[in-house]
file data_39.cif (mmCIF, C-alpha atoms and all ligand atoms)
data_final
#
loop_
_atom_site.label_atom_id
_atom_site.label_comp_id
_atom_site.auth_asym_id
_atom_site.auth_seq_id
_atom_site.Cartn_x
_atom_site.Cartn_y
_atom_site.Cartn_z
CA MET A 8 -17.52 -17.51 0.05
CA ILE A 9 -16.38 -17.22 3.68
CA LYS A 10 -13.97 -14.37 4.24
CA GLU A 11 -11.19 -15.07 6.72
CA ILE A 12 -9.64 -12.22 8.74
CA LYS A 13 -6.46 -12.84 10.66
CA ILE A 14 -6.13 -10.78 13.86
CA THR A 15 -3.01 -10.71 16.04
CA PHE A 16 -2.93 -9.51 19.65
CA LEU A 17 0.14 -7.68 20.94
CA GLY A 18 1.03 -5.99 24.23
CA ASN A 19 2.90 -6.42 27.49
CA SER A 20 2.42 -9.45 29.69
CA GLY A 21 -0.59 -9.21 31.99
CA VAL A 22 -2.53 -6.54 30.08
CA GLY A 23 -5.32 -9.02 29.34
CA LYS A 24 -4.83 -10.21 25.73
CA SER A 25 -5.79 -13.83 26.47
CA SER A 26 -8.67 -12.67 28.64
CA ILE A 27 -10.10 -10.60 25.77
CA VAL A 28 -9.91 -13.60 23.44
CA LYS A 29 -11.43 -15.90 26.09
CA ARG A 30 -14.26 -13.47 26.80
CA TYR A 31 -15.06 -12.95 23.13
CA CYS A 32 -14.78 -16.58 21.99
CA PHE A 33 -16.06 -18.49 25.04
CA ASP A 34 -17.73 -15.80 27.19
CA GLN A 35 -15.48 -16.74 30.12
CA PHE A 36 -13.35 -14.74 32.53
CA ASP A 37 -10.64 -16.17 34.77
CA GLN A 38 -9.46 -13.92 37.59
CA ASN A 39 -6.17 -15.87 37.71
CA ASN A 40 -5.48 -16.40 34.05
CA GLN A 41 -2.13 -18.06 33.27
CA SER A 42 0.50 -16.19 31.26
CA ASN A 43 1.05 -17.51 27.71
CA LEU A 44 4.09 -19.65 27.00
CA GLY A 45 3.78 -19.12 23.27
CA ALA A 46 1.00 -18.10 20.93
CA ASP A 47 -2.50 -19.58 20.97
CA CYS A 48 -4.99 -19.48 18.15
CA ALA A 49 -8.76 -19.28 18.43
CA GLN A 50 -11.42 -19.11 15.72
CA LYS A 51 -14.78 -17.48 15.77
CA GLU A 52 -17.40 -16.98 13.09
CA MET A 53 -19.53 -13.90 12.80
CA GLU A 54 -21.87 -12.28 10.30
CA PHE A 55 -21.21 -8.95 8.68
CA GLN A 56 -23.53 -7.42 6.06
CA ASN A 57 -24.97 -10.87 5.34
CA ASN A 58 -21.51 -12.35 4.83
CA LYS A 59 -20.04 -15.09 6.93
CA ILE A 60 -16.72 -13.99 8.40
CA LYS A 61 -14.23 -16.31 10.02
CA LEU A 62 -11.92 -14.63 12.52
CA GLN A 63 -8.61 -16.31 13.12
CA ILE A 64 -7.32 -14.80 16.36
CA TRP A 65 -3.68 -15.11 17.37
CA ASP A 66 -2.96 -14.45 21.04
CA THR A 67 0.79 -13.87 21.50
CA ALA A 68 2.84 -14.06 24.69
CA GLY A 69 3.76 -10.65 26.11
CA GLN A 70 6.73 -11.75 28.21
CA GLU A 71 10.08 -10.38 27.07
CA LYS A 72 11.57 -13.86 26.50
CA PHE A 73 8.94 -14.62 23.82
CA ARG A 74 9.29 -11.35 21.88
CA SER A 75 11.39 -12.91 19.12
CA LEU A 76 8.38 -15.06 18.16
CA VAL A 77 6.05 -12.13 17.61
CA PRO A 78 7.00 -11.47 13.94
CA LEU A 79 5.86 -15.01 13.05
CA PHE A 80 2.34 -14.17 14.12
CA LEU A 81 2.26 -10.70 12.62
CA ARG A 82 3.14 -11.74 9.10
CA ASN A 83 -0.01 -11.98 7.01
CA ALA A 84 -2.08 -10.47 9.81
CA HIS A 85 -4.89 -8.27 8.49
CA VAL A 86 -5.30 -6.43 11.78
CA ALA A 87 -3.19 -6.03 14.91
CA ILE A 88 -4.74 -5.24 18.29
CA ILE A 89 -2.27 -3.61 20.67
CA VAL A 90 -3.43 -3.80 24.26
CA TYR A 91 -2.41 -1.86 27.36
CA ASP A 92 -3.73 -1.99 30.90
CA ILE A 93 -5.29 1.30 32.07
CA THR A 94 -4.02 0.59 35.61
CA GLN A 95 -0.40 0.11 34.52
CA LYS A 96 1.36 3.14 33.05
CA SER A 97 4.38 1.15 31.81
CA SER A 98 2.14 -0.97 29.55
CA PHE A 99 0.98 2.30 27.95
CA THR A 100 4.43 3.90 27.59
CA GLN A 101 5.70 0.72 25.96
CA LEU A 102 3.00 0.84 23.30
CA LYS A 103 5.41 2.73 21.06
CA GLU A 104 7.72 -0.31 20.99
CA TRP A 105 4.85 -2.54 19.88
CA VAL A 106 3.83 -0.01 17.24
CA SER A 107 7.38 0.23 15.93
CA SER A 108 7.73 -3.61 15.73
CA LEU A 109 4.49 -3.68 13.83
CA GLU A 110 5.62 -0.98 11.41
CA GLN A 111 8.87 -2.85 10.78
CA ILE A 112 7.23 -6.22 10.21
CA CYS A 113 4.17 -5.08 8.27
CA PRO A 114 5.16 -1.72 6.74
CA LYS A 115 2.33 -1.76 4.17
CA ASN A 116 -0.40 -3.53 6.03
CA ASN A 117 -0.31 -1.94 9.45
CA PHE A 118 -3.96 -1.44 10.25
CA PHE A 119 -4.06 -1.59 14.02
CA VAL A 120 -6.23 -0.56 16.93
CA LEU A 121 -5.34 0.33 20.51
CA VAL A 122 -7.19 -1.21 23.42
CA GLY A 123 -7.22 0.12 26.98
CA ASN A 124 -8.23 -2.96 28.97
CA LYS A 125 -9.42 -3.43 32.60
CA CYS A 126 -11.71 -0.41 32.46
CA ASP A 127 -13.68 -1.90 35.37
CA LEU A 128 -10.71 -0.82 37.52
CA ILE A 129 -11.17 2.87 36.70
CA ASP A 130 -10.49 3.83 40.36
CA GLN A 131 -6.94 2.48 39.91
CA GLU A 132 -6.31 4.10 36.54
CA GLU A 133 -2.78 5.29 35.75
CA VAL A 134 -3.56 6.29 32.17
CA THR A 135 -6.44 8.69 31.56
CA TYR A 136 -8.80 8.31 28.64
CA ASP A 137 -7.82 11.77 27.34
CA GLU A 138 -4.12 10.89 27.33
CA ALA A 139 -4.80 7.64 25.48
CA LYS A 140 -7.17 9.34 23.04
CA GLN A 141 -4.55 11.95 22.16
CA TYR A 142 -1.97 9.21 21.59
CA SER A 143 -4.33 7.19 19.39
CA TYR A 144 -5.24 10.34 17.44
CA ASN A 145 -1.55 11.01 16.72
CA LEU A 146 -1.13 7.44 15.51
CA LYS A 147 -4.38 7.59 13.51
CA ALA A 148 -5.46 4.38 15.22
CA PRO A 149 -8.86 3.85 16.84
CA LEU A 150 -8.97 3.50 20.62
CA HIS A 151 -11.28 1.06 22.41
CA TYR A 152 -11.91 0.57 26.10
CA THR A 153 -12.70 -2.95 27.30
CA SER A 154 -13.25 -4.96 30.45
CA CYS A 155 -13.04 -8.72 30.31
CA LYS A 156 -14.50 -8.87 33.78
CA THR A 157 -17.73 -7.03 32.95
CA ASN A 158 -17.68 -7.78 29.19
CA GLN A 159 -17.77 -4.03 28.45
CA GLY A 160 -16.71 -3.14 24.92
CA ILE A 161 -15.64 -6.67 23.92
CA GLN A 162 -18.27 -7.40 21.23
CA GLU A 163 -18.01 -3.82 19.96
CA LEU A 164 -14.24 -4.15 19.59
CA PHE A 165 -14.48 -7.06 17.15
CA GLN A 166 -17.51 -5.63 15.38
CA LYS A 167 -15.67 -2.34 14.75
CA ILE A 168 -12.53 -4.10 13.60
CA VAL A 169 -14.43 -6.04 10.97
CA GLU A 170 -16.30 -2.89 9.89
CA GLU A 171 -13.05 -0.94 9.59
CA TYR A 172 -11.35 -3.81 7.76
CA PHE A 173 -14.05 -3.84 5.08
CA LYS A 174 -14.02 -0.05 4.84
CA GLN A 175 -10.28 -0.11 4.20
CA GLN A 176 -10.63 -2.91 1.65
CA GLU A 177 -13.26 -0.89 -0.20
CA GLU A 178 -11.04 2.21 -0.17
CA LEU A 179 -8.11 0.18 -1.50
CA GLN A 180 -10.29 -1.24 -4.23
CA ASN A 181 -11.54 2.24 -5.18
CA THR A 182 -7.99 3.57 -5.36
CA GLU A 183 -7.02 0.61 -7.54
CA THR A 184 -10.01 1.17 -9.85
CA GLN A 185 -9.21 4.90 -10.14
CA ARG A 186 -5.58 4.06 -10.95
CA ASN A 187 -6.66 1.59 -13.64
CA GLU A 188 -9.13 4.10 -15.11
CA LYS A 189 -6.42 6.77 -15.25
CA GLN A 190 -4.05 4.31 -16.91
CA ASN A 191 -6.70 3.30 -19.46
CA SER A 192 -7.57 6.88 -20.38
CA LYS A 193 -3.86 7.66 -20.78
CA LEU A 194 -3.53 4.69 -23.13
CA LYS A 195 -6.59 5.86 -25.10
CA VAL A 196 -5.05 9.33 -25.56
CA GLN A 197 -1.78 7.80 -26.70
CA LYS A 198 -3.61 5.50 -29.13
CA LYS A 199 -5.52 8.48 -30.56
CA TYR A 200 -2.31 10.45 -30.96
CA TYR A 201 -0.54 7.65 -32.79
CA SER A 202 -3.54 6.91 -35.01
CA THR A 203 -3.75 10.57 -36.17
CA CYS A 204 -0.05 11.33 -36.58
CA CYS A 205 0.67 8.89 -39.47
N1 LIG B 301 -10.19 -6.66 36.67
C1 LIG B 301 -9.80 -7.11 35.48
N2 LIG B 301 -8.83 -8.04 35.37
C2 LIG B 301 -8.47 -8.46 34.14
C3 LIG B 301 -9.07 -7.97 32.95
N3 LIG B 301 -8.52 -8.57 31.89
C4 LIG B 301 -7.61 -9.42 32.39
N4 LIG B 301 -7.56 -9.36 33.74
C5 LIG B 301 -6.68 -10.13 34.64
O1 LIG B 301 -5.33 -9.78 34.32
C6 LIG B 301 -4.49 -10.91 34.44
C7 LIG B 301 -3.66 -11.08 33.16
O2 LIG B 301 -4.53 -11.37 32.09
P1 LIG B 301 -4.07 -12.21 30.80
O3 LIG B 301 -5.24 -12.25 29.89
O4 LIG B 301 -3.50 -13.50 31.19
O5 LIG B 301 -2.91 -11.27 30.24
P2 LIG B 301 -2.04 -11.46 28.91
O6 LIG B 301 -1.93 -10.14 28.28
O7 LIG B 301 -2.60 -12.55 28.08
O8 LIG B 301 -0.62 -11.90 29.50
P3 LIG B 301 0.54 -12.77 28.76
O9 LIG B 301 -0.07 -14.06 28.30
O10 LIG B 301 1.58 -12.97 29.81
O11 LIG B 301 1.07 -11.95 27.63
C8 LIG B 301 -5.40 -12.12 34.74
O12 LIG B 301 -5.33 -12.42 36.10
C9 LIG B 301 -6.77 -11.64 34.38
O13 LIG B 301 -7.79 -12.19 35.18
C10 LIG B 301 -10.11 -6.99 33.09
O14 LIG B 301 -10.69 -6.47 32.14
N5 LIG B 301 -10.42 -6.58 34.37
MG MG B 302 -1.86 -14.39 27.52
#
call {"tool": "encode", "arguments": {"input": "data_39.cif", "output": "structure tokens", "more": "lines below"}}
Ligand SMILES: Nc1nc2c(ncn2[C@@H]2O[C@H](COP(=O)(O)OP(=O)(O)OP(=O)(O)O)[C@@H](O)[C@H]2O)c(=O)[nH]1
Ligand SMILES: [Mg+2]
result
Amino acid sequence: MIKEIKITFLGNSGVGKSSIVKRYCFDQFDQNNQSNLGADCAQKEMEFQNNKIKLQIWDTAGQEKFRSLVPLFLRNAHVAIIVYDITQKSSFTQLKEWVSSLEQICPKNNFFVLVGNKCDLIDQEEVTYDEAKQYSYNLKAPLHYTSCKTNQGIQELFQKIVEEYFKQQEELQNTETQRNEKQNSKLKVQKKYYSTCC
């Protein structure tokens, strides 16, 4: 059976969301990429532990006027990728707004990662790696650095997301099994009690 994972990209306009998707899905980079006027969807298949995985990738528009559409693309998302541009401080300080939208829309299923994009422009950086790392640590979200121009970190980003997704699924399943086992042993004790008392 093919497992489908829905991934939604979030972040300010111009941080490079569409460029990450383009680089990963088509191995292309456009220096003058056009801003989204709505959300686009791309699909890509990959293998993970001998399983075929289909990634459904939603690339949302970062411009303020399209923000009301974002919840539509976050519902049912398995993973959110929140992107900032390492050369633009405001895209980093506004991460908290993206995180809070995500927490409101998907309170239970808010597995997300942070991406510092345009790491080829390190000489123009306005957000240091240490600052971003501290922020991601506080949020308990992994941090990835990428460059769509040089392709740095792009494959690894998606590989890690899929790995983490399966790890979380396994943990959820284990918790569920433990809960069921506890429930069953409680029932057994109750049954024993009732069968001996009369
Ligand atoms: N140098 C460099 N430029 C990048 C990188 N990623 C994206 N860009 C450039 O940044 C600009 C904006 O990129 P987009 O991918 O369109 O940004 P976006 O986040 O999709 O923007 P919206 O669709 O408006 O939300 C484009 O001109 C890209 O070429 C990168 O890693 N390095
Ligand atoms: Mg875009």
call {"tool": "closest_residue", "arguments": {"input": "data_39.cif", "among": "A:Asn181, A:Ser154, A:Gln63, A:Asn83", "to": "Pro114 of chain A", "atoms": "only C-alpha atoms"}}
result
A:Asn83
call {"tool": "closest_residue", "arguments": {"input": "data_39.cif", "among": "A:Phe55, A:Ala68, A:Gln50, A:Ala148", "to": "ligand MG 302 (chain B)", "atoms": "only C-alpha atoms and all ligand atoms"}}
result
A:Ala68
call {"tool": "residues_near_ligand", "arguments": {"input": "data_39.cif", "ligand": "ligand MG 302 (chain B)", "cutoff": "12 Å", "atoms": "only C-alpha atoms and all ligand atoms", "output": "PyMOL selection string"}}
result
chain A and resi 16-29+37+39-48+65-70+73+90
call {"tool": "residues_around", "arguments": {"input": "data_39.cif", "residues": "segment 167-178 of chain A", "least_positions_apart": "4", "cutoff": "10 Å", "atoms": "only C-alpha atoms", "output": "list in words"}}
result
Ile12, Ile14, Met53, Glu54, Phe55, Gln56, Ile60, Leu62, His85, Val86, Ala87, Ile88, Phe118, Phe119, Val120, Pro149, His151, Gln162, Glu163, Thr182, Glu183 and Thr184 of chain A
call {"tool": "closest_residue", "arguments": {"input": "data_39.cif", "among": "A:Lys198, A:Lys103, A:Lys72, A:Lys13", "to": "ligand LIG 301 (chain B)", "atoms": "all atoms listed in the file"}}
result
A:Lys72
call {"tool": "closest_residue", "arguments": {"input": "data_39.cif", "among": "A:Leu194, A:Leu128, A:Ala84, A:Ile161", "to": "ligand LIG 301 (chain B)", "atoms": "all atoms listed in the file"}}
result
A:Leu128
call {"tool": "closest_residue", "arguments": {"input": "data_39.cif", "among": "A:Phe99, A:Phe165, A:Tyr142, A:Tyr152", "to": "ligand LIG 301 (chain B)", "atoms": "only C-alpha atoms and all ligand atoms"}}
result
A:Tyr152
call {"tool": "residues_around", "arguments": {"input": "data_39.cif", "residues": "segment 92-95 of chain A", "least_positions_apart": "3", "cutoff": "7 Å", "atoms": "all atoms listed in the file", "output": "ChimeraX atom specification"}}
result
/A:22,98,123-126,131-134
call {"tool": "atom_distance", "arguments": {"input": "data_39.cif", "atom1": "atom CA of Cys113 of chain A", "atom2": "atom CA of Ser75 of chain A"}}
result
15.2 Å
call {"tool": "closest_residue", "arguments": {"input": "data_39.cif", "among": "A:Ile112, A:Leu121, A:Cys155, A:Leu164", "to": "ligand LIG 301 (chain B)", "atoms": "only C-alpha atoms and all ligand atoms"}}
result
A:Cys155
call {"tool": "atom_distance", "arguments": {"input": "data_39.cif", "atom1": "atom CA of Lys193 of chain A", "atom2": "atom CA of Lys115 of chain A"}}
result
27.4 Å
call {"tool": "build_atoms", "arguments": {"input": "data_39.cif", "residues": "segment 75-101 of chain A", "atoms": "N, CA and C atoms", "output": "PDB file, in the frame of the given file"}}
result
ATOM      1  N   SER A  75      10.828 -12.577  20.435  1.00  0.00           N
ATOM      2  CA  SER A  75      11.390 -12.910  19.120  1.00  0.00           C
ATOM      3  C   SER A  75      10.390 -13.699  18.266  1.00  0.00           C
ATOM      4  N   LEU A  76       9.359 -14.264  18.916  1.00  0.00           N
ATOM      5  CA  LEU A  76       8.380 -15.060  18.160  1.00  0.00           C
ATOM      6  C   LEU A  76       7.295 -14.203  17.516  1.00  0.00           C
ATOM      7  N   VAL A  77       7.167 -12.975  18.043  1.00  0.00           N
ATOM      8  CA  VAL A  77       6.050 -12.130  17.610  1.00  0.00           C
ATOM      9  C   VAL A  77       5.957 -11.940  16.081  1.00  0.00           C
ATOM     10  N   PRO A  78       7.102 -11.681  15.381  1.00  0.00           N
ATOM     11  CA  PRO A  78       7.000 -11.470  13.940  1.00  0.00           C
ATOM     12  C   PRO A  78       6.310 -12.616  13.200  1.00  0.00           C
ATOM     13  N   LEU A  79       6.492 -13.846  13.704  1.00  0.00           N
ATOM     14  CA  LEU A  79       5.860 -15.010  13.050  1.00  0.00           C
ATOM     15  C   LEU A  79       4.350 -14.863  12.990  1.00  0.00           C
ATOM     16  N   PHE A  80       3.799 -14.249  14.041  1.00  0.00           N
ATOM     17  CA  PHE A  80       2.340 -14.170  14.120  1.00  0.00           C
ATOM     18  C   PHE A  80       1.790 -12.865  13.546  1.00  0.00           C
ATOM     19  N   LEU A  81       2.709 -11.965  13.222  1.00  0.00           N
ATOM     20  CA  LEU A  81       2.260 -10.700  12.620  1.00  0.00           C
ATOM     21  C   LEU A  81       2.238 -10.771  11.103  1.00  0.00           C
ATOM     22  N   ARG A  82       3.123 -11.631  10.566  1.00  0.00           N
ATOM     23  CA  ARG A  82       3.140 -11.740   9.100  1.00  0.00           C
ATOM     24  C   ARG A  82       1.780 -12.227   8.634  1.00  0.00           C
ATOM     25  N   ASN A  83       1.301 -11.638   7.584  1.00  0.00           N
ATOM     26  CA  ASN A  83      -0.010 -11.980   7.010  1.00  0.00           C
ATOM     27  C   ASN A  83      -1.199 -11.592   7.888  1.00  0.00           C
ATOM     28  N   ALA A  84      -0.942 -10.901   8.989  1.00  0.00           N
ATOM     29  CA  ALA A  84      -2.080 -10.470   9.810  1.00  0.00           C
ATOM     30  C   ALA A  84      -2.801  -9.330   9.079  1.00  0.00           C
ATOM     31  N   HIS A  85      -4.129  -9.370   9.094  1.00  0.00           N
ATOM     32  CA  HIS A  85      -4.890  -8.270   8.490  1.00  0.00           C
ATOM     33  C   HIS A  85      -5.012  -7.104   9.480  1.00  0.00           C
ATOM     34  N   VAL A  86      -5.103  -7.452  10.750  1.00  0.00           N
ATOM     35  CA  VAL A  86      -5.300  -6.430  11.780  1.00  0.00           C
ATOM     36  C   VAL A  86      -4.465  -6.797  13.014  1.00  0.00           C
ATOM     37  N   ALA A  87      -3.859  -5.791  13.634  1.00  0.00           N
ATOM     38  CA  ALA A  87      -3.190  -6.030  14.910  1.00  0.00           C
ATOM     39  C   ALA A  87      -3.949  -5.268  15.998  1.00  0.00           C
ATOM     40  N   ILE A  88      -4.110  -5.909  17.148  1.00  0.00           N
ATOM     41  CA  ILE A  88      -4.740  -5.240  18.290  1.00  0.00           C
ATOM     42  C   ILE A  88      -3.671  -5.095  19.358  1.00  0.00           C
ATOM     43  N   ILE A  89      -3.332  -3.834  19.671  1.00  0.00           N
ATOM     44  CA  ILE A  89      -2.270  -3.610  20.670  1.00  0.00           C
ATOM     45  C   ILE A  89      -2.942  -3.182  21.970  1.00  0.00           C
ATOM     46  N   VAL A  90      -2.713  -3.986  23.004  1.00  0.00           N
ATOM     47  CA  VAL A  90      -3.430  -3.800  24.260  1.00  0.00           C
ATOM     48  C   VAL A  90      -2.527  -3.224  25.348  1.00  0.00           C
ATOM     49  N   TYR A  91      -3.080  -2.291  26.137  1.00  0.00           N
ATOM     50  CA  TYR A  91      -2.410  -1.860  27.360  1.00  0.00           C
ATOM     51  C   TYR A  91      -3.415  -1.971  28.503  1.00  0.00           C
ATOM     52  N   ASP A  92      -2.892  -1.864  29.714  1.00  0.00           N
ATOM     53  CA  ASP A  92      -3.730  -1.990  30.900  1.00  0.00           C
ATOM     54  C   ASP A  92      -3.870  -0.587  31.488  1.00  0.00           C
ATOM     55  N   ILE A  93      -5.104  -0.099  31.628  1.00  0.00           N
ATOM     56  CA  ILE A  93      -5.290   1.300  32.070  1.00  0.00           C
ATOM     57  C   ILE A  93      -4.772   1.529  33.494  1.00  0.00           C
ATOM     58  N   THR A  94      -4.511   0.442  34.240  1.00  0.00           N
ATOM     59  CA  THR A  94      -4.020   0.590  35.610  1.00  0.00           C
ATOM     60  C   THR A  94      -2.500   0.432  35.689  1.00  0.00           C
ATOM     61  N   GLN A  95      -1.854   0.316  34.510  1.00  0.00           N
ATOM     62  CA  GLN A  95      -0.400   0.110  34.520  1.00  0.00           C
ATOM     63  C   GLN A  95       0.258   1.008  33.471  1.00  0.00           C
ATOM     64  N   LYS A  96       0.798   2.126  33.945  1.00  0.00           N
ATOM     65  CA  LYS A  96       1.360   3.140  33.050  1.00  0.00           C
ATOM     66  C   LYS A  96       2.424   2.555  32.097  1.00  0.00           C
ATOM     67  N   SER A  97       3.283   1.663  32.641  1.00  0.00           N
ATOM     68  CA  SER A  97       4.380   1.150  31.810  1.00  0.00           C
ATOM     69  C   SER A  97       3.845   0.396  30.579  1.00  0.00           C
ATOM     70  N   SER A  98       2.691  -0.244  30.712  1.00  0.00           N
ATOM     71  CA  SER A  98       2.140  -0.970  29.550  1.00  0.00           C
ATOM     72  C   SER A  98       1.690   0.010  28.472  1.00  0.00           C
ATOM     73  N   PHE A  99       1.379   1.252  28.897  1.00  0.00           N
ATOM     74  CA  PHE A  99       0.980   2.300  27.950  1.00  0.00           C
ATOM     75  C   PHE A  99       2.221   2.940  27.319  1.00  0.00           C
ATOM     76  N   THR A 100       3.238   3.241  28.152  1.00  0.00           N
ATOM     77  CA  THR A 100       4.430   3.900  27.590  1.00  0.00           C
ATOM     78  C   THR A 100       5.176   2.965  26.630  1.00  0.00           C
ATOM     79  N   GLN A 101       5.011   1.666  26.856  1.00  0.00           N
ATOM     80  CA  GLN A 101       5.700   0.720  25.960  1.00  0.00           C
ATOM     81  C   GLN A 101       4.919   0.413  24.681  1.00  0.00           C
TER      82      GLN A 101
END
